[in-house]
$ cat my_file_22.cif   # mmCIF, C-alpha atoms
data_my_file
loop_
_atom_site.label_atom_id
_atom_site.label_comp_id
_atom_site.auth_asym_id
_atom_site.auth_seq_id
_atom_site.Cartn_x
_atom_site.Cartn_y
_atom_site.Cartn_z
CA MET F 2 120.30 -52.45 -100.29
CA LYS F 3 118.86 -48.94 -100.69
CA THR F 4 116.31 -47.46 -98.32
CA GLU F 5 114.91 -44.01 -97.74
CA THR F 6 112.94 -42.90 -94.73
CA VAL F 7 111.41 -39.63 -93.60
CA ALA F 8 114.18 -39.35 -91.01
CA ASN F 9 116.83 -39.78 -93.69
CA LYS F 10 115.21 -37.12 -95.92
CA THR F 11 114.98 -34.71 -93.01
CA HIS F 12 118.57 -35.42 -91.99
CA ARG F 13 119.77 -34.77 -95.54
CA ARG F 14 117.89 -31.45 -95.83
CA ASP F 15 119.22 -30.34 -92.44
CA PHE F 16 122.76 -31.31 -93.41
CA LEU F 17 122.66 -29.36 -96.67
CA LYS F 18 121.07 -26.31 -95.03
CA ALA F 19 123.71 -26.32 -92.29
CA SER F 20 126.51 -26.57 -94.84
CA ALA F 21 125.15 -23.61 -96.82
CA ALA F 22 124.64 -21.51 -93.70
CA THR F 23 128.11 -21.96 -92.31
CA GLY F 24 129.87 -21.14 -95.57
CA ALA F 25 133.31 -22.07 -96.82
CA ALA F 26 134.80 -22.73 -93.39
CA SER F 27 132.31 -25.49 -92.83
CA VAL F 28 133.02 -27.03 -96.22
CA LEU F 29 136.72 -27.13 -95.49
CA ALA F 30 136.12 -28.83 -92.16
CA ALA F 31 133.65 -31.44 -93.44
CA PRO F 32 135.08 -34.97 -93.80
CA PHE F 33 133.12 -35.52 -97.02
CA ILE F 34 130.73 -33.60 -99.29
CA GLY F 35 127.92 -35.91 -100.41
CA ASN F 36 126.91 -36.57 -103.98
CA ALA F 37 124.30 -33.93 -104.85
CA ASP F 38 122.65 -36.36 -107.30
CA ALA F 39 122.09 -39.03 -104.67
CA GLN F 40 118.43 -39.15 -103.65
CA GLU F 41 118.53 -42.13 -101.31
CA THR F 42 120.61 -43.41 -98.44
CA THR F 43 122.47 -46.61 -99.27
CA THR F 44 122.79 -48.78 -96.16
CA TRP F 45 125.46 -51.46 -95.87
CA LYS F 46 125.16 -54.33 -93.40
CA ILE F 47 128.65 -54.82 -91.93
CA GLN F 48 129.65 -57.56 -89.50
CA THR F 49 132.84 -57.45 -87.45
CA SER F 50 134.80 -60.21 -85.76
CA TRP F 51 134.65 -58.28 -82.49
CA GLN F 52 132.16 -59.91 -80.14
CA GLY F 53 132.46 -57.45 -77.28
CA GLY F 54 134.63 -55.05 -75.32
CA ILE F 55 136.39 -51.97 -76.61
CA GLY F 56 136.79 -53.45 -80.11
CA LEU F 57 133.05 -53.77 -80.70
CA GLU F 58 132.41 -50.38 -79.08
CA ILE F 59 134.84 -48.60 -81.41
CA PHE F 60 133.46 -50.44 -84.44
CA LYS F 61 129.87 -49.45 -83.68
CA ASP F 62 130.82 -45.83 -82.94
CA TRP F 63 132.58 -45.62 -86.28
CA CYS F 64 129.77 -47.25 -88.25
CA ASN F 65 127.14 -45.03 -86.66
CA GLY F 66 129.06 -41.91 -87.67
CA ILE F 67 129.32 -42.71 -91.39
CA VAL F 68 125.88 -41.42 -92.37
CA GLU F 69 126.71 -37.95 -91.05
CA LYS F 70 130.14 -37.90 -92.68
CA THR F 71 128.59 -38.75 -96.05
CA GLY F 72 125.73 -36.29 -95.80
CA GLY F 73 123.22 -39.13 -95.72
CA GLU F 74 124.45 -40.78 -98.91
CA LEU F 75 125.84 -43.90 -97.23
CA ALA F 76 125.12 -45.55 -93.87
CA PHE F 77 126.74 -48.52 -92.12
CA GLN F 78 124.56 -50.87 -90.08
CA PRO F 79 126.96 -52.60 -87.65
CA PHE F 80 126.73 -56.18 -86.43
CA GLY F 81 128.92 -57.91 -83.87
CA ALA F 82 130.45 -61.37 -84.22
CA LYS F 83 127.85 -64.07 -84.96
CA ASP F 84 124.98 -61.53 -85.13
CA VAL F 85 124.21 -62.50 -88.73
CA VAL F 86 126.57 -65.37 -89.55
CA GLY F 87 129.36 -67.23 -87.77
CA ASP F 88 132.80 -65.66 -87.77
CA PHE F 89 134.25 -68.16 -90.22
CA GLN F 90 131.22 -67.76 -92.51
CA LEU F 91 131.87 -64.05 -93.11
CA PHE F 92 133.81 -64.67 -96.30
CA ASP F 93 130.94 -66.48 -98.01
CA ALA F 94 128.36 -64.11 -96.54
CA VAL F 95 130.00 -61.12 -98.24
CA LYS F 96 130.78 -63.02 -101.41
CA ASN F 97 127.14 -64.15 -101.73
CA GLY F 98 125.55 -60.85 -100.70
CA VAL F 99 124.11 -61.96 -97.35
CA ILE F 100 125.89 -58.94 -95.87
CA ASP F 101 127.51 -56.08 -97.76
CA ALA F 102 130.87 -55.89 -95.99
CA MET F 103 132.96 -57.45 -93.25
CA ASN F 104 135.54 -56.34 -90.70
CA PRO F 105 137.34 -59.63 -89.97
CA PHE F 106 140.76 -60.76 -88.83
CA THR F 107 142.33 -61.15 -92.27
CA LEU F 108 144.28 -64.24 -91.21
CA TYR F 109 141.03 -66.22 -91.06
CA TRP F 110 141.10 -66.64 -94.84
CA ALA F 111 144.53 -68.27 -95.12
CA GLY F 112 142.89 -71.62 -95.85
CA ARG F 113 141.03 -70.13 -98.82
CA MET F 114 143.74 -67.79 -100.09
CA PRO F 115 147.27 -68.73 -98.95
CA GLY F 116 148.41 -65.17 -99.59
CA ALA F 117 146.09 -63.97 -96.83
CA VAL F 118 148.55 -65.33 -94.26
CA PHE F 119 150.90 -62.52 -95.37
CA LEU F 120 148.23 -59.79 -95.16
CA SER F 121 148.38 -59.88 -91.36
CA SER F 122 151.35 -60.39 -89.08
CA TYR F 123 152.85 -63.85 -88.95
CA PRO F 124 155.54 -65.40 -86.72
CA LEU F 125 158.73 -63.34 -86.59
CA GLY F 126 157.70 -61.29 -89.65
CA LEU F 127 157.07 -57.53 -89.82
CA ARG F 128 156.79 -56.32 -86.23
CA ASN F 129 155.39 -52.77 -86.07
CA PRO F 130 152.30 -51.02 -87.45
CA HIS F 131 154.34 -48.55 -89.50
CA GLU F 132 156.11 -51.44 -91.23
CA TRP F 133 152.77 -52.84 -92.32
CA ASP F 134 151.65 -49.41 -93.51
CA THR F 135 154.85 -49.22 -95.55
CA PHE F 136 154.14 -52.64 -97.05
CA PHE F 137 150.52 -51.83 -97.96
CA TYR F 138 150.75 -48.20 -98.98
CA GLY F 139 154.35 -47.86 -100.13
CA LEU F 140 155.55 -51.21 -101.46
CA GLY F 141 152.54 -52.41 -103.45
CA GLY F 142 150.89 -54.72 -100.92
CA LEU F 143 147.48 -53.06 -101.19
CA GLU F 144 147.30 -53.59 -104.94
CA ILE F 145 148.08 -57.31 -104.62
CA ALA F 146 145.59 -57.71 -101.77
CA ARG F 147 142.88 -56.15 -103.93
CA GLU F 148 143.76 -58.46 -106.83
CA MET F 149 143.45 -61.46 -104.52
CA PHE F 150 140.02 -60.50 -103.18
CA ALA F 151 138.77 -59.40 -106.61
CA LYS F 152 139.17 -63.00 -107.74
CA GLN F 153 136.66 -63.87 -105.00
CA GLY F 154 134.15 -61.20 -106.02
CA MET F 155 135.12 -58.77 -103.25
CA HIS F 156 136.92 -55.47 -102.83
CA TYR F 157 139.61 -55.25 -100.13
CA VAL F 158 139.42 -51.64 -99.00
CA GLY F 159 142.35 -51.60 -96.58
CA PRO F 160 144.00 -52.90 -93.40
CA ILE F 161 142.92 -51.91 -89.88
CA HIS F 162 145.36 -52.01 -86.96
CA HIS F 163 144.45 -53.12 -83.47
CA GLY F 164 147.58 -54.43 -81.72
CA PRO F 165 149.53 -57.54 -80.69
CA ASN F 166 148.01 -60.83 -79.57
CA ILE F 167 148.79 -62.41 -76.21
CA ILE F 168 148.53 -65.92 -74.75
CA HIS F 169 146.36 -66.86 -71.77
CA SER F 170 146.87 -70.16 -70.02
CA LYS F 171 145.86 -72.26 -67.06
CA VAL F 172 149.51 -73.17 -66.48
CA PRO F 173 152.61 -70.94 -66.58
CA ILE F 174 154.28 -70.60 -70.01
CA ARG F 175 157.83 -69.36 -69.51
CA SER F 176 159.70 -70.97 -72.42
CA ILE F 177 159.15 -72.68 -75.74
CA GLU F 178 159.31 -76.03 -73.96
CA ASP F 179 156.22 -75.21 -71.91
CA PHE F 180 154.01 -75.35 -75.03
CA ARG F 181 154.75 -79.01 -75.55
CA GLY F 182 151.66 -81.17 -75.12
CA ARG F 183 149.37 -78.23 -74.33
CA LYS F 184 145.89 -78.02 -75.86
CA MET F 185 146.03 -74.58 -77.49
CA ARG F 186 143.55 -72.40 -79.40
CA LEU F 187 145.02 -70.58 -82.38
CA PRO F 188 143.62 -68.80 -85.47
CA GLY F 189 144.98 -71.39 -87.90
CA GLY F 190 147.40 -70.92 -90.77
CA MET F 191 151.10 -70.43 -90.16
CA VAL F 192 150.57 -69.44 -86.52
CA ALA F 193 149.01 -72.82 -85.72
CA GLU F 194 151.77 -74.63 -87.59
CA LEU F 195 154.43 -72.78 -85.60
CA PHE F 196 153.05 -73.95 -82.26
CA GLN F 197 152.46 -77.44 -83.62
CA ALA F 198 156.17 -77.51 -84.47
CA ALA F 199 156.84 -76.47 -80.86
CA GLY F 200 154.82 -79.46 -79.64
CA ALA F 201 151.41 -77.93 -78.88
CA LYS F 202 148.14 -79.66 -79.76
CA THR F 203 146.35 -76.88 -81.58
CA THR F 204 142.70 -76.29 -82.39
CA LEU F 205 141.00 -73.66 -84.54
CA LEU F 206 138.27 -71.65 -82.81
CA PRO F 207 136.68 -68.25 -83.46
CA GLY F 208 137.13 -65.70 -80.69
CA SER F 209 133.55 -66.13 -79.47
CA GLU F 210 134.22 -69.78 -78.54
CA ILE F 211 137.45 -69.33 -76.56
CA PHE F 212 135.97 -68.58 -73.12
CA PRO F 213 133.67 -71.65 -72.97
CA ALA F 214 136.50 -73.86 -74.27
CA LEU F 215 138.81 -72.63 -71.50
CA GLU F 216 136.06 -72.91 -68.91
CA LYS F 217 135.27 -76.52 -69.86
CA GLY F 218 138.92 -77.51 -70.12
CA THR F 219 138.66 -78.33 -73.81
CA ILE F 220 141.81 -76.21 -74.15
CA ASP F 221 144.25 -75.02 -71.52
CA VAL F 222 146.08 -72.35 -73.56
CA ALA F 223 144.56 -69.73 -75.87
CA ASP F 224 145.88 -67.00 -78.08
CA PHE F 225 143.61 -64.04 -78.71
CA VAL F 226 143.97 -60.29 -79.06
CA GLY F 227 145.12 -57.75 -76.44
CA PRO F 228 144.48 -57.33 -72.71
CA ALA F 229 141.52 -54.92 -72.90
CA VAL F 230 139.34 -57.11 -75.11
CA ASN F 231 140.45 -60.31 -73.39
CA TYR F 232 139.64 -58.93 -69.96
CA ALA F 233 136.20 -57.84 -71.15
CA LEU F 234 135.67 -61.38 -72.44
CA GLY F 235 136.44 -62.75 -68.97
CA PHE F 236 139.65 -64.62 -69.68
CA HIS F 237 140.93 -63.71 -66.22
CA GLN F 238 138.09 -65.82 -64.79
CA VAL F 239 139.23 -69.03 -66.49
CA THR F 240 143.03 -68.63 -66.68
CA ASP F 241 145.73 -67.54 -64.24
CA PHE F 242 148.63 -66.72 -66.55
CA ILE F 243 149.59 -64.51 -69.51
CA SER F 244 152.64 -65.20 -71.67
CA MET F 245 154.32 -62.69 -74.00
CA GLY F 246 157.57 -62.16 -75.85
CA PRO F 247 160.60 -60.31 -74.46
CA PRO F 248 160.26 -56.62 -73.50
CA GLY F 249 159.53 -54.57 -76.60
CA PHE F 250 158.38 -57.64 -78.50
CA MET F 251 155.00 -58.23 -76.92
CA SER F 252 153.98 -60.98 -79.33
CA ILE F 253 156.52 -62.92 -81.39
CA TYR F 254 153.86 -64.73 -83.42
CA GLN F 255 151.34 -61.92 -84.18
CA PRO F 256 152.78 -58.54 -83.14
CA VAL F 257 150.46 -56.60 -85.48
CA ASP F 258 147.33 -58.69 -85.88
CA LEU F 259 145.55 -56.87 -88.69
CA MET F 260 141.87 -56.66 -89.45
CA ASP F 261 140.43 -55.14 -92.63
CA LEU F 262 137.33 -53.82 -94.36
CA THR F 263 136.26 -55.94 -97.31
CA VAL F 264 133.16 -55.17 -99.37
CA GLY F 265 131.15 -57.30 -101.78
CA GLU F 266 131.83 -56.31 -105.38
CA ARG F 267 128.18 -55.50 -106.09
CA ALA F 268 127.95 -53.11 -103.14
CA TRP F 269 131.31 -51.53 -103.96
CA SER F 270 130.52 -51.06 -107.67
CA ALA F 271 127.27 -49.27 -106.80
CA LEU F 272 129.16 -46.42 -105.11
CA SER F 273 130.07 -43.22 -106.89
CA PRO F 274 133.79 -42.68 -107.60
CA ALA F 275 133.85 -39.90 -104.98
CA MET F 276 132.30 -42.17 -102.35
CA LYS F 277 134.79 -44.94 -103.12
CA ARG F 278 137.64 -42.47 -102.58
CA PHE F 279 136.07 -41.34 -99.32
CA ILE F 280 135.73 -44.89 -97.95
CA GLU F 281 139.31 -45.72 -98.88
CA SER F 282 140.51 -42.58 -97.13
CA GLU F 283 138.23 -43.18 -94.14
CA ILE F 284 139.83 -46.59 -93.52
CA HIS F 285 143.15 -44.82 -92.82
CA VAL F 286 141.38 -42.65 -90.24
CA TYR F 287 139.52 -45.52 -88.66
CA SER F 288 142.66 -47.67 -88.45
CA ASP F 289 144.51 -44.94 -86.55
CA ILE F 290 141.63 -44.30 -84.14
CA HIS F 291 140.92 -48.00 -83.66
CA HIS F 292 144.56 -48.74 -82.86
CA ALA F 293 145.04 -45.82 -80.48
CA ARG F 294 141.85 -46.39 -78.50
CA ILE F 295 142.62 -50.08 -78.06
CA GLN F 296 146.17 -49.31 -76.90
CA LYS F 297 144.77 -46.88 -74.33
CA ALA F 298 142.28 -49.48 -73.12
CA ASP F 299 145.09 -52.05 -72.90
CA GLN F 300 147.01 -49.82 -70.50
CA ASP F 301 144.00 -49.72 -68.20
CA ALA F 302 143.44 -53.47 -68.51
CA TRP F 303 146.87 -54.46 -67.22
CA ALA F 304 145.96 -53.12 -63.77
CA LYS F 305 142.72 -55.11 -63.85
CA PHE F 306 144.57 -58.33 -64.62
CA GLU F 307 146.97 -57.60 -61.77
CA GLN F 308 144.06 -57.08 -59.39
CA ALA F 309 142.57 -60.38 -60.58
CA GLY F 310 145.79 -62.15 -59.62
CA THR F 311 146.90 -62.95 -63.18
CA LEU F 312 150.64 -63.60 -63.43
CA VAL F 313 152.55 -62.33 -66.49
CA SER F 314 155.67 -64.04 -67.83
CA ARG F 315 157.89 -63.29 -70.82
CA LEU F 316 159.77 -65.56 -73.18
CA GLY F 317 163.52 -65.01 -73.44
CA GLU F 318 165.79 -64.25 -76.38
CA SER F 319 166.72 -67.93 -76.65
CA ASP F 320 163.04 -68.72 -77.15
CA VAL F 321 162.82 -66.10 -79.89
CA GLU F 322 165.77 -67.75 -81.63
CA ALA F 323 164.18 -71.19 -81.28
CA PHE F 324 160.85 -69.96 -82.66
CA THR F 325 162.67 -68.20 -85.53
CA ASN F 326 164.30 -71.47 -86.53
CA LEU F 327 160.84 -73.04 -86.67
CA ALA F 328 159.23 -70.08 -88.44
CA VAL F 329 161.57 -69.55 -91.40
CA PRO F 330 160.74 -72.83 -93.20
CA LEU F 331 157.05 -72.10 -92.62
CA TRP F 332 157.42 -68.70 -94.32
CA PHE F 333 158.63 -70.37 -97.49
CA ASN F 334 156.15 -73.27 -97.30
CA TRP F 335 153.27 -70.80 -97.24
CA ALA F 336 154.79 -68.46 -99.80
CA ASN F 337 155.16 -71.34 -102.25
CA LYS F 338 151.50 -72.38 -102.00
CA ASP F 339 150.50 -70.03 -104.84
CA ARG F 340 151.81 -67.14 -106.90
CA ASP F 341 149.98 -64.41 -104.95
CA ALA F 342 151.45 -65.64 -101.66
CA ALA F 343 154.93 -65.68 -103.22
CA ARG F 344 154.52 -62.16 -104.61
CA VAL F 345 153.45 -60.75 -101.26
CA PHE F 346 156.14 -62.54 -99.27
CA ARG F 347 158.88 -61.51 -101.73
CA ILE F 348 158.11 -57.85 -100.99
CA GLN F 349 158.13 -58.44 -97.24
CA LEU F 350 161.28 -60.56 -97.31
CA ASP F 351 163.19 -57.89 -99.24
CA TYR F 352 161.97 -55.29 -96.74
CA MET F 353 162.97 -57.42 -93.73
CA MET F 354 166.44 -57.98 -95.25
CA SER F 355 166.92 -54.30 -96.08
CA GLY F 356 169.03 -51.83 -94.18
CA SER F 357 165.82 -50.33 -92.78
CA LEU F 358 164.94 -53.43 -90.76
CA GLY F 359 167.55 -56.18 -90.85
CA TYR F 360 165.26 -58.76 -89.23
CA VAL F 361 166.44 -61.39 -91.71
CA THR F 362 169.99 -62.19 -92.76
CA PRO F 363 171.14 -64.39 -95.67
CA ASP F 364 172.31 -67.15 -93.34
CA MET F 365 168.84 -67.34 -91.75
CA ILE F 366 167.25 -68.32 -95.07
CA SER F 367 170.11 -70.43 -96.38
CA GLY F 368 168.73 -73.44 -98.28
CA GLN F 369 165.24 -71.92 -98.68
CA LYS F 370 163.82 -71.26 -102.14
CA LEU F 371 160.97 -69.00 -103.22
CA ASP F 372 159.12 -70.19 -106.32
CA LEU F 373 157.79 -67.31 -108.40
#
$ encode --input "my_file_22.cif" --output "structure tokens"
Amino acid sequence: MKTETVANKTHRRDFLKASAATGAASVLAAPFIGNADAQETTTWKIQTSWQGGIGLEIFKDWCNGIVEKTGGELAFQPFGAKDVVGDFQLFDAVKNGVIDAMNPFTLYWAGRMPGAVFLSSYPLGLRNPHEWDTFFYGLGGLEIAREMFAKQGMHYVGPIHHGPNIIHSKVPIRSIEDFRGRKMRLPGGMVAELFQAAGAKTTLLPGSEIFPALEKGTIDVADFVGPAVNYALGFHQVTDFISMGPPGFMSIYQPVDLMDLTVGERAWSALSPAMKRFIESEIHVYSDIHHARIQKADQDAWAKFEQAGTLVSRLGESDVEAFTNLAVPLWFNWANKDRDAARVFRIQLDYMMSGSLGYVTPDMISGQKLDL
């Protein structure tokens, strides 16, 4: 959608005058120099999966700054979770042009594209943000992700880091055995299957529905993102316990829960080549800022949970081993669902077995076969 208002025209004139007045130093400092041929501001409607807290705040701050960075050529109109469509309807909304772009949790689309389960962290897989950056920007993951979304009429711009997920519960969870029989919210895909294998009764819910489900007792255990967002959503009011992995391994099932920016093909194709390059570069910047600000907010949130009386427990190394034994067959089951999933997982498996990481050894995957 293209719109032009008096305010936009004035803003554009002011921007260009300011750039000319300040000379070369200003040009070097500017994040982007707009297309001189562009006469209108293109505005994208973008909906995120964040429904509140620091996540939504950062998203809106970023979106509201795009028009200045692009000299008025492109603007982002931000929407929170469910503002336009439901969280799980984002895929179709972008594909069909209801909105121009989305900022979802990539894992949500595993049921539509099996390879999507490997575009965000999965149980006992890659464990640190820099490992995912290596996969996407060094080992070819970004190119495959874009091929996958292109088949759906969308352009996957890039991944966005936010942090590990944690588990809130009404009862203490101190070992793998404590999940047995529990009614547990999970995002679906391989993560849900892992906890099903551990004996949990899982259900798929978007983040916006977790609090009421915990409050009503529909579920008694819920995975969601990190402490800052979860505190803002009030999870401390309806649960008494938090469970995590061993020290240094905050979440064994989603240690780097990635989001992304995905744009409808029509909106993406309408951009100039220079603007496309800017947006792709800007996602790197936004991912870094998004991740760092959320980590800072998480540090503050731990004290708030302590004041609320929330008790934190950690799984032990024996639990990690037990979950690994459950996870490895799931890796291969999902990888063998289609060729794209197999291609992505092959890259990650080689990386995890390399001298750089060593997370996976040949004996761990003995008897497993990857169909390519």
$ resolve_selection --input "my_file_22.cif" --expression "the PyMOL selection byres ((chain F and resi 166) around 12)" --output "PyMOL selection string"
chain F and resi 106+121-124+128+162-165+167-169+187-188+192+208+223-231+243-246+250-259+296+299
$ resolve_selection --input "my_file_22.cif" --expression "the PyMOL selection byres ((chain F and resi 77-80) around 10)" --output "PyMOL selection string"
chain F and resi 43-52+57+60-68+75-76+81-86+100-104
$ closest_residue --input "my_file_22.cif" --among "F:Phe324, F:Leu195, F:Thr42, F:Met260" --to "Tyr109 of chain F" --atoms "all atoms listed in the file"
F:Met260
$ residues_around --input "my_file_22.cif" --residues "Gly139 of chain F" --least-positions-apart "5" --cutoff "12 Å" --atoms "only C-alpha atoms" --output "number ranges by chain"
F: 131-134, 144, 348-349, 352
$ residues_around --input "my_file_22.cif" --residues "Thr219 of chain F" --least-positions-apart "3" --cutoff "12 Å" --atoms "all atoms listed in the file" --output "list in words"
Lys171, Arg183, Lys184, Met185, Arg186, Lys202, Thr203, Thr204, Leu205, Leu206, Glu210, Ile211, Phe212, Pro213, Ala214, Leu215, Glu216, Val222, Ala223 and Val239 of chain F
$ axis_aligned_box --input "my_file_22.cif" --around "segment 144-163 of chain F" --padding-each-side "3 Å" --output "JSON"
{"center_x": 141.1, "center_y": -57.7, "center_z": -95.6, "size_x": 19.9, "size_y": 18.3, "size_z": 30.3}
$ atom_distance --input "my_file_22.cif" --atom1 "atom CA of Ala111 of chain F" --atom2 "atom CA of Val158 of chain F"
17.8 Å
$ residues_near_point --input "my_file_22.cif" --point "(163.2, -67.3, -76.6)" --cutoff "10 Å" --atoms "only C-alpha atoms" --output "PDB file with C-alpha atoms, in the coordinates of the input"
ATOM      1  CA  ARG F 175     157.830 -69.360 -69.510  1.00  0.00           C
ATOM      2  CA  SER F 176     159.700 -70.970 -72.420  1.00  0.00           C
ATOM      3  CA  ILE F 177     159.150 -72.680 -75.740  1.00  0.00           C
ATOM      4  CA  GLU F 178     159.310 -76.030 -73.960  1.00  0.00           C
ATOM      5  CA  GLY F 246     157.570 -62.160 -75.850  1.00  0.00           C
ATOM      6  CA  PRO F 247     160.600 -60.310 -74.460  1.00  0.00           C
ATOM      7  CA  ILE F 253     156.520 -62.920 -81.390  1.00  0.00           C
ATOM      8  CA  ARG F 315     157.890 -63.290 -70.820  1.00  0.00           C
ATOM      9  CA  LEU F 316     159.770 -65.560 -73.180  1.00  0.00           C
ATOM     10  CA  GLY F 317     163.520 -65.010 -73.440  1.00  0.00           C
ATOM     11  CA  GLU F 318     165.790 -64.250 -76.380  1.00  0.00           C
ATOM     12  CA  SER F 319     166.720 -67.930 -76.650  1.00  0.00           C
ATOM     13  CA  ASP F 320     163.040 -68.720 -77.150  1.00  0.00           C
ATOM     14  CA  VAL F 321     162.820 -66.100 -79.890  1.00  0.00           C
ATOM     15  CA  GLU F 322     165.770 -67.750 -81.630  1.00  0.00           C
ATOM     16  CA  ALA F 323     164.180 -71.190 -81.280  1.00  0.00           C
ATOM     17  CA  PHE F 324     160.850 -69.960 -82.660  1.00  0.00           C
ATOM     18  CA  THR F 325     162.670 -68.200 -85.530  1.00  0.00           C
TER      19      THR F 325
END
$ closest_residue --input "my_file_22.cif" --among "F:Gly112, F:Asp241, F:Tyr287, F:Gly53" --to "Asp339 of chain F" --atoms "all atoms listed in the file"
F:Gly112
$ closest_residue --input "my_file_22.cif" --among "F:Leu371, F:Pro105, F:Gly142, F:Asp179" --to "Ser314 of chain F" --atoms "all atoms listed in the file"
F:Asp179
$ closest_residue --input "my_file_22.cif" --among "F:Val345, F:Lys152, F:Asn334, F:Tyr232" --to "Gln300 of chain F" --atoms "all atoms listed in the file"
F:Tyr232
$ closest_residue --input "my_file_22.cif" --among "F:Gly218, F:Gly126, F:Pro115, F:Gly368" --to "Gly190 of chain F" --atoms "all atoms listed in the file"
F:Pro115
$ atom_distance --input "my_file_22.cif" --atom1 "atom CA of Arg344 of chain F" --atom2 "atom CA of Phe150 of chain F"
14.7 Å
$ decode --input "my_file_22.cif" --residues "segment 118-131 of chain F" --atoms "N, CA, C and O atoms" --output "PDB file, in the first residue's frame"
ATOM      1  N   VAL F 118      10.995 -26.216  11.314  1.00  0.00           N
ATOM      2  CA  VAL F 118      11.371 -26.655  12.660  1.00  0.00           C
ATOM      3  C   VAL F 118      12.872 -26.505  12.877  1.00  0.00           C
ATOM      4  O   VAL F 118      13.336 -26.370  14.019  1.00  0.00           O
ATOM      5  N   PHE F 119      13.645 -26.478  11.768  1.00  0.00           N
ATOM      6  CA  PHE F 119      15.097 -26.324  11.864  1.00  0.00           C
ATOM      7  C   PHE F 119      15.555 -24.896  11.591  1.00  0.00           C
ATOM      8  O   PHE F 119      16.754 -24.634  11.473  1.00  0.00           O
ATOM      9  N   LEU F 120      14.605 -23.959  11.487  1.00  0.00           N
ATOM     10  CA  LEU F 120      14.963 -22.547  11.316  1.00  0.00           C
ATOM     11  C   LEU F 120      14.888 -21.794  12.637  1.00  0.00           C
ATOM     12  O   LEU F 120      15.058 -20.579  12.687  1.00  0.00           O
ATOM     13  N   SER F 121      14.584 -22.511  13.700  1.00  0.00           N
ATOM     14  CA  SER F 121      14.615 -21.972  15.061  1.00  0.00           C
ATOM     15  C   SER F 121      15.117 -23.093  15.949  1.00  0.00           C
ATOM     16  O   SER F 121      15.098 -24.260  15.545  1.00  0.00           O
ATOM     17  N   SER F 122      15.561 -22.796  17.145  1.00  0.00           N
ATOM     18  CA  SER F 122      16.204 -23.838  17.935  1.00  0.00           C
ATOM     19  C   SER F 122      15.222 -24.937  18.302  1.00  0.00           C
ATOM     20  O   SER F 122      14.041 -24.708  18.523  1.00  0.00           O
ATOM     21  N   TYR F 123      15.747 -26.130  18.332  1.00  0.00           N
ATOM     22  CA  TYR F 123      14.966 -27.332  18.623  1.00  0.00           C
ATOM     23  C   TYR F 123      15.705 -28.120  19.709  1.00  0.00           C
ATOM     24  O   TYR F 123      16.860 -27.822  20.025  1.00  0.00           O
ATOM     25  N   PRO F 124      15.071 -29.119  20.308  1.00  0.00           N
ATOM     26  CA  PRO F 124      15.660 -29.787  21.470  1.00  0.00           C
ATOM     27  C   PRO F 124      17.063 -30.327  21.239  1.00  0.00           C
ATOM     28  O   PRO F 124      17.303 -31.092  20.309  1.00  0.00           O
ATOM     29  N   LEU F 125      17.979 -29.873  22.071  1.00  0.00           N
ATOM     30  CA  LEU F 125      19.367 -30.317  22.103  1.00  0.00           C
ATOM     31  C   LEU F 125      20.115 -30.055  20.792  1.00  0.00           C
ATOM     32  O   LEU F 125      21.145 -30.675  20.517  1.00  0.00           O
ATOM     33  N   GLY F 126      19.634 -29.099  20.001  1.00  0.00           N
ATOM     34  CA  GLY F 126      20.309 -28.728  18.756  1.00  0.00           C
ATOM     35  C   GLY F 126      21.317 -27.613  19.000  1.00  0.00           C
ATOM     36  O   GLY F 126      21.946 -27.544  20.064  1.00  0.00           O
ATOM     37  N   LEU F 127      21.488 -26.723  18.020  1.00  0.00           N
ATOM     38  CA  LEU F 127      22.397 -25.584  18.185  1.00  0.00           C
ATOM     39  C   LEU F 127      21.977 -24.769  19.406  1.00  0.00           C
ATOM     40  O   LEU F 127      20.792 -24.533  19.622  1.00  0.00           O
ATOM     41  N   ARG F 128      22.956 -24.296  20.182  1.00  0.00           N
ATOM     42  CA  ARG F 128      22.633 -23.821  21.536  1.00  0.00           C
ATOM     43  C   ARG F 128      22.947 -22.361  21.820  1.00  0.00           C
ATOM     44  O   ARG F 128      22.599 -21.859  22.895  1.00  0.00           O
ATOM     45  N   ASN F 129      23.596 -21.670  20.901  1.00  0.00           N
ATOM     46  CA  ASN F 129      23.982 -20.279  21.151  1.00  0.00           C
ATOM     47  C   ASN F 129      23.666 -19.414  19.931  1.00  0.00           C
ATOM     48  O   ASN F 129      23.699 -19.899  18.794  1.00  0.00           O
ATOM     49  N   PRO F 130      23.375 -18.122  20.151  1.00  0.00           N
ATOM     50  CA  PRO F 130      23.046 -17.243  19.030  1.00  0.00           C
ATOM     51  C   PRO F 130      24.102 -17.228  17.932  1.00  0.00           C
ATOM     52  O   PRO F 130      23.760 -17.229  16.745  1.00  0.00           O
ATOM     53  N   HIS F 131      25.380 -17.221  18.311  1.00  0.00           N
ATOM     54  CA  HIS F 131      26.408 -17.150  17.271  1.00  0.00           C
ATOM     55  C   HIS F 131      26.436 -18.408  16.408  1.00  0.00           C
ATOM     56  O   HIS F 131      26.820 -18.362  15.235  1.00  0.00           O
TER      57      HIS F 131
END
